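Notes follow the structure.
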Amino acid sequence: MSIRIGGGAGFAGDRIDPAVDLARRGRLDFLVFECLAERTLAYGHLARMADPAKGHDPRIERRLGAVLQACVENRTTIITNMGVSNPLAAGRATVELARRMGLGLRVAVVTGDDLTATITPGTSLPEIGKTVGEHGLRVVGANAYLGAEAILPALDREPHVVITGRVADPSLFVAPLAHRRGWKLDDWHHLGAATAVGHLLECTTQVTGGYFADPPYKIVPNIAYLGFPYAEVEPDGTASITKLDGTGGLVSELTVKEQLLYEVHDPRAYLTPDVTADFSGVRLLQGGPDRVQVTGATGRERPATLKAIVGFDGGFLAEAEFSYAGPGAATRAMLAAQIVRERMQQVHKSGEELRVDLIGVASLHASACASGASAAAALSEVTGRDPHDVRIRAAMRTPDRAVAQALLEEVESLWLSGPAGGGGYRGNITPAVTTQPIYVERAAIEVGVEVMQS
């Protein structure tokens with residue numbers, strides 16, 4: 001008998017209504033909410049520093065509250081990493097939510113990923129060739145990427161909801177499949193197949209037409225109402241990826257191929273905490289409308305160490321924008337950028353790196369404006385075009401809030417002291433974080449499970 005497992009969220013800001021549809025109509029065994037990114041985790045640590053009751057996903061009550069009733073009625077187990085940097089607080093919030101809803105729930109909380117206390121000034125940061133002390137930024141938190149092994153004891157407690165902190169995205173799906181099938185932790189073939197399933201589902205609509213549409217070449221029907229995907233997984237690990245009838249989007253060989261290769265640097269050696277997955281032999285077969293069969297995924301021995309992420313206080317991110325319109329807008333916007341750059345250097349004595357983009361002329365694919373080159377050099381990149389709507393965006397990361405505020409004020413001053421035809425100022429200062437990976441021995445991780453009851 002196949003296991004039905006669905007993707008209920010692919011990131012912290014994902015839609016909620018498609019997950020509700022899955023919970024109600026999907027007849028799922030498991031519904032997984034993957035809501036955690038590296039920077040999301042670092043920001044979670046900052047929130048927990050400010051308030052010990054925070055640090056989990058602030059949408060957890062809204063998201064789970066929308067699906068709990070249906071999941072209980074349909075005997076669907078929820079697994080999520082919305083615990084972020086404070087999974088125990090997330091567990092307590094979920095229990096309180098269930099009480100208000102009149103539901104009797106068992107919530108299993110997985111702990112052990114938080115390595116903050118183990119980080120020292122001598123901890124090596126291999127990607128930049130420095131130690132934490134040499135890096136010079138304040139550590140806000142550190143977390144290991146746990147695997148399915150950490151979730152299995154929680155599933156043994158027969159919970160309605162499993163809440164984790166940092167768990168590798170596909171491992172959230174591997175754990176329930178391995179638990180239900182009884183696959184061992186060294187069954188590399190089946191764990192590799194399960195990882196392929198998890199990887200295909202972890203970004204929700206990316207496998208049902210989201211981030212795929214590119215008209216007129218790739219058309220996605222009813223794209224405003226994309227359905228979230230689910231998989232029917234057989235005992236041998238093969239799976240069919242599909243979505244609910246009547247939902248928007250499509251599941252095709254092309255959507256599945258794109259997601260299969262998404263963020264996979266080597267399809268023959270996709271490293272996860274569970275297995276070194278091998279997708280090179282995967283075969284896809286369109287088995288019907290919005291249904292693709294996936295076979296051939298396998299794996300070999302897992303990496304000896306676990307990846308972990310160290311989050312650092314990056315000071316402040318200052319962003320300010322201003323628009324220019326009409327003929328010559330690009331030339332006037334470039335002049336405005338030069339004014340801002342010169343005044344930050346000469347008046348405010350700022351040595352911080354300043355990026356200034358001309359949105360509508362040069363931003364993602366041109367570096368001249370960002371590097372401070374001349375107006376003529378930057379505008380040569382758009383020879384033959386005269387965009388009539390250009391917006392400058394100036395951005396800077398700095399540890400000094402006064403410098404951040406100065407950037408906003410310099411852009412705002414363009415109202416009167418800049419080129420003609422400008423307006424529409426907007427500025428914002430937000431806390432900034434940076435992250436660096438490290439690698440830790442598995443033996444250094446002590447995983448725990450705490451069960452809470454509503």
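Residues in the structure tokens are numbered from 1 in each chain, the chains being A, B, ... in the order shown, and ligands are numbered from 1 in the order shown.
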
Find the residues around Leu31 (chain A) up to 7 Å (only C-alpha atoms counted), leave out those fewer than 5 positions away in its own chain, and share them as a PyMOL selection string.
chain A and resi 5-8+76-79

Selection file, all heavy atoms, as a compact mmCIF listing (two decimals), in the first residue's frame:
```
# COMPACT_ATOMS: atom_id res chain seq x y z
N ILE A 5 2.13 11.38 1.10
CA ILE A 5 2.82 12.42 1.85
C ILE A 5 2.80 13.71 1.04
O ILE A 5 3.09 13.71 -0.16
CB ILE A 5 4.26 11.98 2.20
CG1 ILE A 5 4.95 13.02 3.08
CG2 ILE A 5 5.09 11.67 0.96
CD1 ILE A 5 6.23 12.51 3.71
N GLY A 6 2.42 14.82 1.69
CA GLY A 6 2.24 16.07 0.98
C GLY A 6 3.17 17.16 1.48
O GLY A 6 3.64 17.12 2.63
N GLY A 7 3.42 18.13 0.61
CA GLY A 7 4.18 19.32 0.96
C GLY A 7 3.24 20.45 1.32
O GLY A 7 2.49 20.94 0.47
N GLY A 8 3.27 20.90 2.58
CA GLY A 8 2.35 21.93 3.04
C GLY A 8 2.92 23.33 3.05
O GLY A 8 2.18 24.31 3.18
N THR A 76 -3.88 12.46 9.74
CA THR A 76 -2.68 12.92 9.04
C THR A 76 -1.70 13.48 10.06
O THR A 76 -2.05 14.39 10.82
CB THR A 76 -3.04 14.01 8.02
OG1 THR A 76 -3.97 13.49 7.07
CG2 THR A 76 -1.79 14.51 7.30
N THR A 77 -0.50 12.96 10.09
CA THR A 77 0.54 13.44 10.99
C THR A 77 1.25 14.63 10.36
O THR A 77 1.67 14.56 9.20
CB THR A 77 1.55 12.34 11.31
OG1 THR A 77 0.88 11.23 11.90
CG2 THR A 77 2.64 12.84 12.25
N ILE A 78 1.40 15.70 11.13
CA ILE A 78 2.09 16.90 10.67
C ILE A 78 3.54 16.87 11.13
O ILE A 78 3.83 16.54 12.30
CB ILE A 78 1.40 18.17 11.22
CG1 ILE A 78 -0.02 18.30 10.64
CG2 ILE A 78 2.22 19.41 10.92
CD1 ILE A 78 -0.85 19.38 11.31
N ILE A 79 4.45 17.20 10.23
CA ILE A 79 5.87 17.32 10.57
C ILE A 79 6.34 18.68 10.07
O ILE A 79 6.11 19.03 8.90
CB ILE A 79 6.70 16.20 9.93
CG1 ILE A 79 6.20 14.84 10.39
CG2 ILE A 79 8.19 16.36 10.27
CD1 ILE A 79 6.86 13.66 9.67
```

Give one line per residue of region 283-321 of chain A that approaches region 412-421 of chain A to at most 12 Å, naming the two atoms of the closest pair and their distance in Å to one decimal, counting only C-alpha atoms; sort by chain then ascending residue number and deliver it as a tab-separated table.
```
residue	atom	partner	partner_atom	distance
A:Glu319	CA	A:Glu412	CA	11.3
A:Ala320	CA	A:Glu412	CA	7.9
A:Glu321	CA	A:Glu412	CA	8.3
```

Could you list, with a cut-off of 8 Å and counting only C-alpha atoms, the residues of region 217-288 of chain A near region 144-150 of chain A, each shown with its nearest atom pair and the distance in Å rounded to one decimal, rows sorted by chain and ascending number, as JSON lines?
```
{"residue": "A:Thr272", "atom": "CA", "partner": "A:Gly147", "partner_atom": "CA", "distance": 7.5}
{"residue": "A:Pro273", "atom": "CA", "partner": "A:Gly147", "partner_atom": "CA", "distance": 4.9}
{"residue": "A:Asp274", "atom": "CA", "partner": "A:Gly147", "partner_atom": "CA", "distance": 5.6}
```

Write out as a ChimeraX atom specification the residues lying within 12 Å of Leu250 (chain A), counting only C-alpha atoms and excluding same-chain residues fewer than 6 positions away.
/A:205-213,218-223,225-229,241-244,256,286,288-292

To test your reading of the structure, identify every residue in region 140-344 of chain A that backbone DSSP assigns to helix (DSSP H, G or I), and report it as number ranges by chain.
A: 148-155, 171-181, 188-201, 204-207, 223-225, 253-261, 329-344

Top pick for closest residue to Ala443 (chain A), considering A:Ala304, A:Ala333, A:Gly424, A:Ala395 and counting only C-alpha atoms
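Ranking A:Ala304, A:Ala333, A:Gly424, A:Ala395 by distance to Ala443 (chain A), first place goes to A:Ala304.
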
Among the residues A:Asp169, A:Asp245, A:Glu441, A:Glu450, the one that comes closest to Ala90 (chain A) [using only C-alpha atoms]:
A:Glu450

So how far away is CA of Ile3 (chain A) from CA of Asp29 (chain A), in Å?
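Between CA of Asp29 (chain A) and CA of Ile3 (chain A) the gap works out to 6.4 Å.
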
Point out the residue among A:Lys54, A:His160, A:Arg166, A:Lys307 with the least atom-to-atom distance to Tyr439 (chain A), counting only C-alpha atoms.
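Result for the nearest residue to Tyr439 (chain A): A:Lys307.
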
Mind checking which residues fall within 10 Å of region 37-42 of chain A, counting only C-alpha atoms, ignoring those fewer than 6 positions away in the same chain, and posting them as number ranges by chain?
A: 10-12, 48, 55-57, 81-86, 139-143, 165-166, 168-169, 308-313, 432-437

Would you return as a PyMOL selection string the members of region 306-349 of chain A that DSSP assigns to strand (DSSP E or B) on this structure's backbone?
chain A and resi 306-325

For Arg157 (chain A), work out the shell of residues within 12 Å, counting only C-alpha atoms and skipping chain neighbours fewer than 6 positions away, then give it as a PDB file with C-alpha atoms, in the first residue's frame.
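What follows is the written file part-v5.pdb:
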```pdb
ATOM      1  CA  THR A  77       0.535  13.444  10.992  1.00  0.00           C
ATOM      2  CA  LEU A 105      -3.073  16.523  20.607  1.00  0.00           C
ATOM      3  CA  ARG A 106       0.277  14.930  21.284  1.00  0.00           C
ATOM      4  CA  VAL A 107       3.077  17.190  20.104  1.00  0.00           C
ATOM      5  CA  ALA A 108       6.588  15.736  19.898  1.00  0.00           C
ATOM      6  CA  VAL A 109       9.367  18.344  19.911  1.00  0.00           C
ATOM      7  CA  VAL A 110      12.814  17.407  18.579  1.00  0.00           C
ATOM      8  CA  ILE A 151      12.849  12.529  13.927  1.00  0.00           C
ATOM      9  CA  HIS A 179       9.514   4.999   9.908  1.00  0.00           C
ATOM     10  CA  VAL A 449      12.382  14.428  22.201  1.00  0.00           C
ATOM     11  CA  GLU A 450       9.887  16.116  24.492  1.00  0.00           C
ATOM     12  CA  VAL A 451       6.218  15.179  24.247  1.00  0.00           C
ATOM     13  CA  MET A 452       3.537  17.711  25.122  1.00  0.00           C
ATOM     14  CA  GLN A 453      -0.182  17.022  25.454  1.00  0.00           C
TER      15      GLN A 453
END
```

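Between CA of Tyr425 (chain A) and CA of Phe322 (chain A) lies a distance of 4.7 Å.
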
How far is it from CA of Ser252 (chain A) to CA of His189 (chain A), in Å with one decimal?
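We find that CA of Ser252 (chain A) and CA of His189 (chain A) lie 25.0 Å from each other.
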
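Using only C-alpha atoms, the shortest contact distance between Pro18 (chain A) and any of A:Val411, A:Val356, A:Ala66, A:Leu137 is found at A:Ala66.
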
Residue nearest Ala406 (chain A) - candidates A:Ile445, A:Ala337, A:Ile128, A:Ala318, atoms counted: only C-alpha atoms
A:Ala318

Rank nothing, just name the residue among A:Ile16, A:Thr331, A:Arg393, A:Pro215 nearest to Leu358 (chain A), using only C-alpha atoms.
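Closest candidate: A:Arg393.
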
Excluding Leu177 (chain A) and residues on its chain fewer than 3 positions from it, collect all residues at most 8 Å away from it, counting only C-alpha atoms, and give them as a PyMOL selection string.
chain A and resi 3+173-174+180-181+194
